[in-house]
Every structure is written in C-alpha cells, then in structure tokens.
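**Q** Contents of coords.cif (mmCIF, C-alpha atoms (C1' of nucleotides)) are below:
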data_final
#
loop_
_atom_site.label_atom_id
_atom_site.label_comp_id
_atom_site.auth_asym_id
_atom_site.auth_seq_id
_atom_site.Cartn_x
_atom_site.Cartn_y
_atom_site.Cartn_z
CA MET Q 1 -43.67 -48.14 14.21
CA TYR Q 2 -41.67 -44.94 14.07
CA THR Q 3 -39.84 -43.53 11.08
CA PHE Q 4 -37.06 -40.98 11.14
CA LYS Q 5 -34.90 -40.01 8.19
CA GLY Q 6 -35.96 -43.08 6.27
CA LYS Q 7 -35.16 -45.52 9.05
CA GLU Q 8 -37.75 -47.48 10.94
CA TYR Q 9 -37.84 -48.19 14.65
CA PRO Q 10 -40.19 -50.39 16.66
CA CYS Q 11 -40.24 -48.10 19.70
CA CYS Q 12 -39.78 -44.42 20.49
CA ALA Q 13 -36.86 -45.33 22.72
CA SER Q 14 -35.05 -47.23 19.99
CA LEU Q 15 -35.49 -44.29 17.64
CA THR Q 16 -33.54 -42.07 19.99
CA MET Q 17 -30.94 -44.78 20.44
CA GLY Q 18 -30.65 -45.08 16.68
CA ILE Q 19 -29.53 -41.46 16.65
CA ILE Q 20 -27.40 -41.13 19.77
CA GLY Q 21 -26.44 -44.79 20.20
CA GLY Q 22 -23.02 -46.28 19.80
CA LYS Q 23 -19.82 -45.88 21.68
CA TRP Q 24 -19.04 -42.27 20.88
CA LYS Q 25 -22.01 -40.16 19.85
CA THR Q 26 -23.15 -39.23 23.34
CA VAL Q 27 -19.57 -38.33 24.23
CA ILE Q 28 -19.37 -35.99 21.27
CA LEU Q 29 -22.71 -34.42 22.12
CA TYR Q 30 -21.78 -34.11 25.76
CA HIS Q 31 -18.75 -32.04 24.87
CA LEU Q 32 -20.68 -29.91 22.40
CA ILE Q 33 -23.17 -28.86 25.06
CA GLU Q 34 -20.77 -26.16 26.26
CA GLY Q 35 -20.43 -24.67 22.82
CA PRO Q 36 -18.83 -25.18 19.41
CA LEU Q 37 -15.61 -27.13 19.15
CA ARG Q 38 -13.15 -27.64 16.35
CA TYR Q 39 -12.31 -31.08 15.11
CA ASN Q 40 -8.99 -31.21 16.92
CA GLU Q 41 -10.49 -29.81 20.08
CA LEU Q 42 -12.93 -32.68 20.09
CA ARG Q 43 -10.06 -35.07 19.58
CA LYS Q 44 -8.29 -33.69 22.61
CA GLU Q 45 -11.42 -34.21 24.67
CA MET Q 46 -11.67 -37.77 23.41
CA PRO Q 47 -8.11 -39.01 23.03
CA THR Q 48 -9.07 -42.66 22.61
CA VAL Q 49 -11.32 -42.35 19.60
CA THR Q 50 -9.77 -42.89 16.20
CA GLU Q 51 -9.97 -40.17 13.59
CA ARG Q 52 -11.96 -42.33 11.27
CA THR Q 53 -14.59 -43.05 13.88
CA LEU Q 54 -14.83 -39.46 15.04
CA SER Q 55 -15.27 -38.40 11.45
CA LEU Q 56 -17.96 -40.97 10.78
CA GLN Q 57 -19.91 -40.15 13.91
CA LEU Q 58 -19.81 -36.43 13.20
CA LYS Q 59 -21.02 -37.07 9.70
CA THR Q 60 -24.02 -39.13 10.75
CA LEU Q 61 -24.87 -36.65 13.48
CA GLU Q 62 -24.81 -33.99 10.81
CA GLU Q 63 -26.99 -36.06 8.50
CA ASP Q 64 -29.49 -36.52 11.29
CA GLY Q 65 -29.63 -32.79 11.82
CA ILE Q 66 -28.15 -32.90 15.31
CA VAL Q 67 -24.82 -31.27 14.64
CA LYS Q 68 -23.82 -28.58 12.19
CA ARG Q 69 -20.45 -28.17 10.58
CA LYS Q 70 -19.16 -24.72 9.77
CA VAL Q 71 -16.10 -24.19 7.62
CA TYR Q 72 -14.20 -20.94 7.99
CA THR Q 73 -11.48 -21.33 5.40
CA SER Q 74 -11.49 -22.47 1.82
CA LYS Q 75 -8.04 -24.00 1.64
CA PRO Q 76 -5.97 -26.13 4.00
CA PRO Q 77 -5.27 -26.00 6.79
CA LEU Q 78 -9.00 -25.85 7.28
CA LYS Q 79 -10.80 -24.35 10.21
CA VAL Q 80 -13.96 -26.26 10.98
CA GLU Q 81 -16.30 -25.86 13.90
CA TYR Q 82 -18.90 -28.30 15.09
CA SER Q 83 -21.89 -27.27 17.12
CA LEU Q 84 -25.37 -28.42 18.05
CA THR Q 85 -28.21 -27.40 15.78
CA ASP Q 86 -31.40 -26.08 17.32
CA PHE Q 87 -32.84 -29.53 16.91
CA GLY Q 88 -29.71 -31.02 18.44
CA LYS Q 89 -30.07 -28.74 21.42
CA THR Q 90 -33.37 -30.40 22.25
CA LEU Q 91 -31.25 -33.44 23.07
CA ILE Q 92 -29.36 -31.65 25.83
CA PRO Q 93 -31.65 -32.76 28.66
CA VAL Q 94 -31.39 -36.34 27.39
CA ILE Q 95 -27.60 -36.22 27.25
CA ILE Q 96 -27.39 -34.60 30.67
CA SER Q 97 -29.62 -37.24 32.14
CA ILE Q 98 -27.48 -39.98 30.56
CA ALA Q 99 -24.26 -38.38 31.80
CA ASP Q 100 -25.61 -37.76 35.29
CA TRP Q 101 -26.69 -41.35 35.65
CA GLY Q 102 -23.20 -42.45 34.67
CA VAL Q 103 -21.78 -40.43 37.53
CA TYR Q 104 -24.41 -41.79 39.89
CA ALA Q 105 -23.72 -45.37 38.84
CA VAL Q 106 -20.00 -45.03 39.41
CA GLU Q 107 -20.56 -43.50 42.81
CA ASN Q 108 -22.75 -46.42 43.80
CA LYS Q 109 -21.64 -49.56 42.05
CA GLY Q 110 -18.58 -48.63 40.07
CA GLU Q 111 -15.18 -47.32 40.88
CA LEU Q 112 -13.58 -43.99 40.26
CA ALA Q 113 -10.19 -44.19 38.62
CA VAL Q 114 -7.16 -42.86 40.45
CA MET B 1 -11.78 -42.62 33.40
CA TYR B 2 -14.81 -44.42 34.81
CA THR B 3 -15.02 -48.06 35.77
CA PHE B 4 -18.17 -50.09 36.19
CA LYS B 5 -18.34 -53.84 36.62
CA GLY B 6 -14.80 -54.24 35.40
CA LYS B 7 -15.29 -52.22 32.23
CA GLU B 8 -13.67 -48.88 31.60
CA TYR B 9 -15.25 -45.85 29.99
CA PRO B 10 -13.71 -42.53 29.00
CA CYS B 11 -16.77 -40.47 29.89
CA CYS B 12 -19.74 -40.65 32.24
CA ALA B 13 -22.04 -40.60 29.24
CA SER B 14 -20.37 -43.55 27.60
CA LEU B 15 -20.63 -45.54 30.82
CA THR B 16 -24.40 -45.23 30.74
CA MET B 17 -24.41 -46.08 27.07
CA GLY B 18 -22.32 -49.13 27.79
CA ILE B 19 -25.14 -50.36 29.98
CA ILE B 20 -28.28 -49.31 28.11
CA GLY B 21 -26.79 -49.06 24.62
CA GLY B 22 -27.55 -51.28 21.68
CA LYS B 23 -30.64 -51.85 19.64
CA TRP B 24 -32.86 -53.45 22.25
CA LYS B 25 -31.92 -52.71 25.83
CA THR B 26 -33.80 -49.44 26.15
CA VAL B 27 -36.85 -51.08 24.60
CA ILE B 28 -36.76 -53.84 27.19
CA LEU B 29 -36.34 -51.34 30.01
CA TYR B 30 -39.07 -49.13 28.63
CA HIS B 31 -41.54 -51.98 28.82
CA LEU B 32 -40.41 -53.01 32.27
CA ILE B 33 -41.15 -49.56 33.68
CA GLU B 34 -44.81 -50.48 34.07
CA GLY B 35 -43.99 -53.58 36.07
CA PRO B 36 -42.69 -57.14 35.81
CA LEU B 37 -43.14 -59.04 32.59
CA ARG B 38 -42.64 -62.66 31.67
CA TYR B 39 -40.29 -63.65 28.91
CA ASN B 40 -43.07 -64.26 26.40
CA GLU B 41 -44.87 -61.10 27.37
CA LEU B 42 -41.73 -59.18 26.51
CA ARG B 43 -41.58 -61.01 23.21
CA LYS B 44 -45.12 -59.94 22.40
CA GLU B 45 -44.20 -56.33 23.12
CA MET B 46 -41.16 -56.66 20.88
CA PRO B 47 -42.18 -58.97 18.05
CA THR B 48 -39.17 -58.18 15.89
CA VAL B 49 -36.43 -59.18 18.27
CA THR B 50 -35.07 -62.70 18.03
CA GLU B 51 -35.17 -64.98 21.03
CA ARG B 52 -31.45 -65.25 21.17
CA THR B 53 -30.99 -61.50 21.27
CA LEU B 54 -33.71 -60.96 23.84
CA SER B 55 -32.10 -63.62 25.99
CA LEU B 56 -28.65 -62.11 25.68
CA GLN B 57 -29.81 -58.62 26.46
CA LEU B 58 -31.76 -59.74 29.51
CA LYS B 59 -28.73 -61.62 30.73
CA THR B 60 -26.38 -58.67 30.47
CA LEU B 61 -28.95 -56.37 32.07
CA GLU B 62 -29.14 -58.87 34.89
CA GLU B 63 -25.36 -59.03 35.19
CA ASP B 64 -25.22 -55.26 35.38
CA GLY B 65 -27.74 -55.29 38.19
CA ILE B 66 -30.44 -53.47 36.24
CA VAL B 67 -32.94 -56.28 35.85
CA LYS B 68 -33.79 -59.17 38.10
CA ARG B 69 -35.04 -62.56 37.05
CA LYS B 70 -37.44 -64.45 39.23
CA VAL B 71 -38.29 -68.09 38.59
CA TYR B 72 -41.56 -69.42 39.92
CA THR B 73 -41.42 -73.05 38.88
CA SER B 74 -38.73 -75.67 39.08
CA LYS B 75 -39.62 -77.73 36.02
CA PRO B 76 -40.72 -76.83 32.50
CA PRO B 77 -42.74 -75.11 31.36
CA LEU B 78 -41.06 -72.46 33.46
CA LYS B 79 -42.61 -69.31 34.73
CA VAL B 80 -40.07 -66.52 34.80
CA GLU B 81 -40.62 -62.88 35.53
CA TYR B 82 -38.32 -60.01 34.73
CA SER B 83 -38.40 -56.73 36.59
CA LEU B 84 -36.29 -53.70 37.35
CA THR B 85 -34.05 -53.87 40.39
CA ASP B 86 -33.95 -50.89 42.74
CA PHE B 87 -30.79 -49.84 41.00
CA GLY B 88 -32.47 -50.37 37.63
CA LYS B 89 -35.34 -48.15 38.71
CA THR B 90 -32.93 -45.24 39.01
CA LEU B 91 -32.70 -45.48 35.22
CA ILE B 92 -36.39 -44.77 34.74
CA PRO B 93 -36.01 -40.99 34.29
CA VAL B 94 -33.25 -41.63 31.76
CA ILE B 95 -35.37 -44.09 29.80
CA ILE B 96 -38.38 -41.80 29.90
CA SER B 97 -36.32 -38.92 28.66
CA ILE B 98 -34.95 -41.05 25.83
CA ALA B 99 -38.41 -42.31 24.91
CA ASP B 100 -39.99 -38.88 25.07
CA TRP B 101 -37.38 -37.41 22.79
CA GLY B 102 -38.10 -40.17 20.29
CA VAL B 103 -41.73 -39.12 20.22
CA TYR B 104 -40.75 -35.48 19.92
CA ALA B 105 -38.33 -36.20 17.07
CA VAL B 106 -40.94 -38.10 15.10
CA GLU B 107 -43.45 -35.35 15.57
CA ASN B 108 -41.01 -32.81 14.25
CA LYS B 109 -38.71 -34.39 11.72
CA GLY B 110 -39.86 -37.96 11.34
CA GLU B 111 -43.01 -39.62 10.20
CA LEU B 112 -45.60 -41.59 12.06
CA ALA B 113 -46.41 -44.91 10.44
CA VAL B 114 -49.94 -45.54 9.24
"C1'" DA H 1 13.80 -26.09 2.16
"C1'" DT H 2 11.68 -28.53 5.65
"C1'" DT H 3 8.66 -29.07 9.20
"C1'" DT H 4 4.22 -28.31 11.36
"C1'" DA H 5 -0.50 -27.87 11.41
"C1'" DT H 6 -5.63 -28.80 10.17
"C1'" DA H 7 -9.21 -31.70 8.94
"C1'" DC H 8 -9.90 -34.97 7.14
"C1'" DT H 9 -10.19 -39.77 3.65
"C1'" DA H 10 -8.83 -44.49 2.12
"C1'" DT H 11 -7.89 -49.19 2.89
"C1'" DC H 12 -7.89 -53.12 5.49
"C1'" DA H 13 -8.70 -55.82 9.59
"C1'" DT H 14 -10.96 -57.02 13.71
"C1'" DT H 15 -14.50 -57.03 17.06
"C1'" DT H 16 -19.12 -56.65 18.44
"C1'" DT H 17 -23.77 -57.00 17.66
"C1'" DT H 18 -27.62 -58.99 15.78
"C1'" DG H 19 -30.22 -62.44 13.09
"C1'" DA H 20 -31.97 -67.22 11.40
"C1'" DT H 21 -33.12 -71.54 12.60
"C1'" DA H 22 -33.58 -75.62 15.13
"C1'" DG H 23 -33.48 -78.09 19.38
"C1'" DT H 24 -34.31 -78.95 24.64
"C1'" DT H 25 -37.32 -80.16 28.97
"C1'" DA H 26 -41.31 -81.50 31.26
"C1'" DT H 27 -46.07 -80.41 32.05
"C1'" DT H 28 -50.84 -79.56 30.71
"C1'" DG H 29 -54.61 -79.84 27.47
"C1'" DT H 30 -57.10 -82.63 23.64
"C1'" DA L 1 -50.98 -90.51 22.12
"C1'" DC L 2 -50.04 -86.14 20.51
"C1'" DA L 3 -49.58 -81.41 20.21
"C1'" DA L 4 -48.91 -77.15 22.61
"C1'" DT L 5 -46.49 -74.33 25.84
"C1'" DA L 6 -42.58 -71.68 28.39
"C1'" DA L 7 -38.21 -70.23 28.53
"C1'" DC L 8 -34.80 -70.79 26.97
"C1'" DT L 9 -29.72 -72.61 24.44
"C1'" DA L 10 -26.75 -73.96 20.46
"C1'" DT L 11 -24.82 -73.32 16.10
"C1'" DC L 12 -23.90 -70.79 12.22
"C1'" DA L 13 -24.10 -66.64 9.51
"C1'" DA L 14 -24.39 -61.86 8.41
"C1'" DA L 15 -24.17 -57.18 9.33
"C1'" DA L 16 -22.62 -53.25 11.76
"C1'" DA L 17 -19.39 -50.79 14.47
"C1'" DT L 18 -14.92 -49.73 15.59
"C1'" DG L 19 -9.84 -49.72 15.20
"C1'" DA L 20 -4.99 -49.25 12.96
"C1'" DT L 21 -2.37 -47.05 9.88
"C1'" DA L 22 -1.02 -44.22 6.22
"C1'" DG L 23 -1.92 -40.62 3.10
"C1'" DT L 24 -3.92 -35.91 1.14
"C1'" DA L 25 -3.84 -30.54 0.39
"C1'" DT L 26 -1.98 -26.16 1.35
"C1'" DA L 27 -0.47 -22.49 4.14
"C1'" DA L 28 2.35 -20.59 7.73
"C1'" DA L 29 6.34 -20.95 10.66
"C1'" DT L 30 11.28 -22.11 11.21
#
Rewrite the coordinates I just gave you, this time as structure tokens.

**A**
Amino acid sequence: MYTFKGKEYPCCASLTMGIIGGKWKTVILYHLIEGPLRYNELRKEMPTVTERTLSLQLKTLEEDGIVKRKVYTSKPPLKVEYSLTDFGKTLIPVIISIADWGVYAVENKGELAV
Amino acid sequence: MYTFKGKEYPCCASLTMGIIGGKWKTVILYHLIEGPLRYNELRKEMPTVTERTLSLQLKTLEEDGIVKRKVYTSKPPLKVEYSLTDFGKTLIPVIISIADWGVYAVENKGELAV
DNA sequence: ATTTATACTATCATTTTTGATAGTTATTGT
DNA sequence: ACAATAACTATCAAAAATGATAGTATAAAT
C-alpha cells in the first residue's frame, strides 16, 4: 500500500496514475515540458478543454506539487504563468514515454487525421 | 488530432491515456509484465478491485489489442489466461516508467505504509 | 463610453467510471 | 448429496470526471 498526499494506492503504478491520470493532465504536462505557459497559452494549445476543467486540473497538479503557479500582477487583467516544479520535472521522462507511445500506436494501429 | 480504434484524441499523450488510463488498467498491465495470469490470479494480486471492474477493464484492454485472452477449457469451471499481446508488450517501458515514478514519488514526498 | 483582454469562479447538467451484491454453469472433491 | 471452484454477467447504485454556460474584476485600448 502506497500513500501520497493523504491518498492511498494499492500499487506504485496506480499512484502515478492518481496524479497524472484523467483526460487532460498529461496533455497539460506535455505542453509544459517546453517551458512556462500562461493560462491562455495553454488554452490555445488545448482548444477542446473547457475552462473549468483546465482550471481544476491545474489546481490539483499544483496541490500535488507538480506544477507551480506564478502571478505577476496584483490586479486584473492578471498575468499568470504555469510551469513544472523540480518535482514535476522528474515526470518528464514518464510523460515523454507516454506521448511517444501514442505516436507509435497511431503509426501502427491507428490513423493519422488529415 | 489522433485516431485509434475509432476514438479521437487531441494529443498523442491523451491517446495513450485513453488506453491505459483509469484506476486499474496500469495495475493489470503491471502484473502481466511478468507473464500470463489467470483471472483469479489477477484478483489475488489486486484484492481491492471488484470482479465487474476487473472484467470490464480486461475486456477493453482486449478490444484495444493490448491483452489477449486464452481459454483452455470448454466447460466450467473455465481455465482462462490473460497475457500481453505483442502490441501490448510495446507498452512495457511505459508501464515500468509509470511504476518506477510511483516508487520514487513515495520515497520522496509520500509515505510507505507499515 | 465602450469594448477587449486576462484568469479565472459559480452553477448546473451530463457522462463516465467504479462499486456492491447476487446469480450462472458445469465439474471436481468430500 | 453437497459444497467448492472458475470465470465470469446482470442489475442497481454511487461517485467521480467532465462539459456548457454565464459571470467577475480591473486595466488598457479604441
């Protein structure tokens, strides 16, 4: 039994999935590998996610210590940048391996869109 | 846009997550790395999953071509073995990387259970 | 004065995922 | 004769994840 941030997992693999699982978290992290992005920049990279969901995912990634949020202004319109923490950066090889396999799978058994 | 088995994904990372995502799939795959396992052997490795869920997950993994199901008997009590397909085996490095990070995370920011 | 922009939050609804529990078939062991 | 076993499925329920839409604050640009 593994515990992380108060949550329990039956397997080391499910612990990781508890943190990066779901429809959007790996996509967020994948885009943050290159460097910090502002909220709206992330939205442009992921046009099909709703604002609510993007917000929620960023917040839990922050709570888990994977992503950090830096605010540059004190009054609206805000400037906020999201980036990987040092701990979050240790996930990069995992994310890359997940992303690479996605490409491989499409090349072999999937289809590339036009 | 990426398509795999009729489903569309906005990112190569989310495609992979569409296949191995969820609470249990990586755990199943992690245990199948060592070799084939029977249904009840899997259950023993994962005592907290319900039968229904284990069944469903195995079925979708099979449909996605990741796991194969081999039946050895024709009448009950059945003998059924689950194993990784060749295509499924290409996921092994991904699963290992996910599992290893889980161990790393616990060692650094989580807690090991007693 | 009005619009535009940023980074959200709030509310409500829907979909997806997971769980709880009981039942099925036919064979082997007691 | 009866219980145990294997690998499930069926039904119902609950929880979790995601989506749709509208609204907020304030400053700068038009």

**Q** How close does each residue of chain L get to chain Q, giving the shortest atom pair and distance in Å to one decimal for every residue with an atom at most 12 Å away, counting all atoms listed in the file, sorted by chain and residue number, as JSON lines?

**A**
{"residue": "L:DA16", "atom": "C1'", "partner": "Q:Gly22", "partner_atom": "CA", "distance": 10.6}
{"residue": "L:DA17", "atom": "C1'", "partner": "Q:Gly22", "partner_atom": "CA", "distance": 7.9}
{"residue": "L:DT18", "atom": "C1'", "partner": "Q:Thr53", "partner_atom": "CA", "distance": 6.9}
{"residue": "L:DG19", "atom": "C1'", "partner": "Q:Thr50", "partner_atom": "CA", "distance": 6.9}
{"residue": "L:DA20", "atom": "C1'", "partner": "Q:Thr50", "partner_atom": "CA", "distance": 8.6}
{"residue": "L:DT21", "atom": "C1'", "partner": "Q:Thr50", "partner_atom": "CA", "distance": 10.6}
{"residue": "L:DT24", "atom": "C1'", "partner": "Q:Pro76", "partner_atom": "CA", "distance": 10.4}
{"residue": "L:DA25", "atom": "C1'", "partner": "Q:Pro76", "partner_atom": "CA", "distance": 6.1}
{"residue": "L:DT26", "atom": "C1'", "partner": "Q:Pro76", "partner_atom": "CA", "distance": 4.8}
{"residue": "L:DA27", "atom": "C1'", "partner": "Q:Pro77", "partner_atom": "CA", "distance": 6.5}
{"residue": "L:DA28", "atom": "C1'", "partner": "Q:Pro77", "partner_atom": "CA", "distance": 9.4}

**Q** How would the residues just picked look written out with C-alpha atoms (C1' of nucleotides) as a PDB file, in the coordinates of the input?

**A**
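In the end it all went to selection_27.pdb:
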ATOM      1  C1'  DA L  16     -22.620 -53.250  11.760  1.00  0.00           C
ATOM      2  C1'  DA L  17     -19.390 -50.790  14.470  1.00  0.00           C
ATOM      3  C1'  DT L  18     -14.920 -49.730  15.590  1.00  0.00           C
ATOM      4  C1'  DG L  19      -9.840 -49.720  15.200  1.00  0.00           C
ATOM      5  C1'  DA L  20      -4.990 -49.250  12.960  1.00  0.00           C
ATOM      6  C1'  DT L  21      -2.370 -47.050   9.880  1.00  0.00           C
ATOM      7  C1'  DT L  24      -3.920 -35.910   1.140  1.00  0.00           C
ATOM      8  C1'  DA L  25      -3.840 -30.540   0.390  1.00  0.00           C
ATOM      9  C1'  DT L  26      -1.980 -26.160   1.350  1.00  0.00           C
ATOM     10  C1'  DA L  27      -0.470 -22.490   4.140  1.00  0.00           C
ATOM     11  C1'  DA L  28       2.350 -20.590   7.730  1.00  0.00           C
TER      12       DA L  28
END

**Q** Would you translate the PyMOL selection byres ((chain B and resi 34) around 12) into the concrete set of residues it matches in this file, as a short mmCIF file (atom, residue, chain, number, x, y, z; two decimals) with C-alpha atoms, keeping the file's coordinate frame?

**A**
data_model
loop_
_atom_site.label_atom_id
_atom_site.label_comp_id
_atom_site.auth_asym_id
_atom_site.auth_seq_id
_atom_site.Cartn_x
_atom_site.Cartn_y
_atom_site.Cartn_z
CA ILE B 28 -36.76 -53.84 27.19
CA LEU B 29 -36.34 -51.34 30.01
CA TYR B 30 -39.07 -49.13 28.63
CA HIS B 31 -41.54 -51.98 28.82
CA LEU B 32 -40.41 -53.01 32.27
CA ILE B 33 -41.15 -49.56 33.68
CA GLY B 35 -43.99 -53.58 36.07
CA PRO B 36 -42.69 -57.14 35.81
CA LEU B 37 -43.14 -59.04 32.59
CA LEU B 42 -41.73 -59.18 26.51
CA TYR B 82 -38.32 -60.01 34.73
CA SER B 83 -38.40 -56.73 36.59
CA LEU B 84 -36.29 -53.70 37.35
CA LYS B 89 -35.34 -48.15 38.71
CA ILE B 92 -36.39 -44.77 34.74
CA ILE B 96 -38.38 -41.80 29.90
#

**Q** Under the rule that all atoms listed in the file are counted, which of H:DT11, H:DT21, H:DT16, H:DT6 is the nearest residue to chain Q?

**A**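 Closest to chain Q, using all atoms listed in the file: H:DT6.
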
**Q** Just to confirm, what's the straight-line distance from CA of Trp101 in chain Q to CA of Ala13 in chain B in Å (one decimal)?

**A**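 The value is 8.0 Å.
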
**Q** Closest to chain H among B:Thr85, B:Thr3, B:Ser97, B:Thr73, using only C-alpha atoms (C1' of nucleotides)?

**A**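 Counting only C-alpha atoms (C1' of nucleotides), the residue closest to chain H is B:Thr73.
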
**Q** Which of these residues is nearest to chain B, using only C-alpha atoms: Q:Leu15, Q:Lys79, Q:Thr60, Q:Glu8?

**A**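 Among the listed residues, Q:Leu15 lies closest to chain B.
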
**Q** Counting all atoms listed in the file, give me one row per residue of chain H with an atom at most 8 Å from an atom of chain Q, showing the shortest contact pair and its distance in Å to one decimal, sorted by chain then residue number, as CSV.

**A**
residue,atom,partner,partner_atom,distance
H:DA5,C1',Q:Pro77,CA,6.9
H:DT6,C1',Q:Pro77,CA,4.4
H:DA7,C1',Q:Leu78,CA,6.1
H:DC8,C1',Q:Ser55,CA,7.7

**Q** Write out as CSV a residue-level contact list of chain Q versus chain B with cut-off 7 Å: for each qualifying residue the closest pair of atoms and the distance in Å to one decimal, counting only C-alpha atoms, rows sorted by chain and residue number upward.

**A**
residue,atom,partner,partner_atom,distance
Q:Met1,CA,B:Ala113,CA,5.7
Q:Tyr2,CA,B:Leu112,CA,5.5
Q:Thr3,CA,B:Glu111,CA,5.1
Q:Phe4,CA,B:Gly110,CA,4.1
Q:Lys5,CA,B:Gly110,CA,6.2
Q:Cys11,CA,B:Val27,CA,6.7
Q:Cys12,CA,B:Gly102,CA,4.6
Q:Ala13,CA,B:Ala99,CA,4.0
Q:Ser14,CA,B:Val27,CA,6.3
Q:Leu15,CA,B:Gly102,CA,5.6
Q:Thr16,CA,B:Gly102,CA,4.9
Q:Gly21,CA,B:Gly21,CA,6.2
Q:Gly22,CA,B:Gly21,CA,6.7
Q:Lys23,CA,B:Ser14,CA,6.4
Q:Trp24,CA,B:Ser14,CA,7.0
Q:Thr26,CA,B:Ala13,CA,6.2
Q:Val27,CA,B:Ala13,CA,6.0
Q:Val94,CA,B:Ser97,CA,5.7
Q:Ser97,CA,B:Val94,CA,5.7
Q:Ile98,CA,B:Ala13,CA,5.6
Q:Ala99,CA,B:Ala13,CA,4.1
Q:Trp101,CA,B:Thr16,CA,6.7
Q:Gly102,CA,B:Cys12,CA,4.6
Q:Val103,CA,B:Cys12,CA,5.7
Q:Val106,CA,B:Phe4,CA,6.3
Q:Lys109,CA,B:Phe4,CA,6.8
Q:Gly110,CA,B:Phe4,CA,4.2
Q:Glu111,CA,B:Thr3,CA,5.2
Q:Leu112,CA,B:Tyr2,CA,5.6
Q:Ala113,CA,B:Met1,CA,5.7

**Q** Can you tell me how far CA of Gln57 in chain B sits from C1' of DA13 in chain L, in Å to one decimal?

**A**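 These two atoms are separated by 19.6 Å.
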
**Q** Between CA of Gly88 in chain Q and CA of Val67 in chain Q, what distance in Å does the model show, to one decimal?

**A** 6.2 Å

**Q** Can you give me, as a ChimeraX atom specification, the residues this file yields under the PyMOL selection byres ((chain L and resi 10) around 9)?

**A** /H:22-23 /L:9,11

**Q** Let's have the selection written as a CSV table (one decimal), keeping the file's coordinate frame, with C-alpha atoms (C1' of nucleotides).

**A**
chain,number,residue,atom,x,y,z
H,22,DA,C1',-33.6,-75.6,15.1
H,23,DG,C1',-33.5,-78.1,19.4
L,9,DT,C1',-29.7,-72.6,24.4
L,11,DT,C1',-24.8,-73.3,16.1

**Q** Using the chain letters and numbers from the file, give me the residues hit by the PyMOL selection byres ((chain H and resi 3) around 12), as a ChimeraX atom specification.

**A** /H:1-2,4-5 /L:28-30

**Q** Around range 26-35 of chain B, with edges along x, y and z and 3 Å added on all six sides, what centre and edge lengths do you get, in Å to one decimal, as lines of an AutoDock Vina configuration file?

**A**
center_x = -39.3
center_y = -51.5
center_z = 30.3
size_x = 17.0
size_y = 10.7
size_z = 17.5
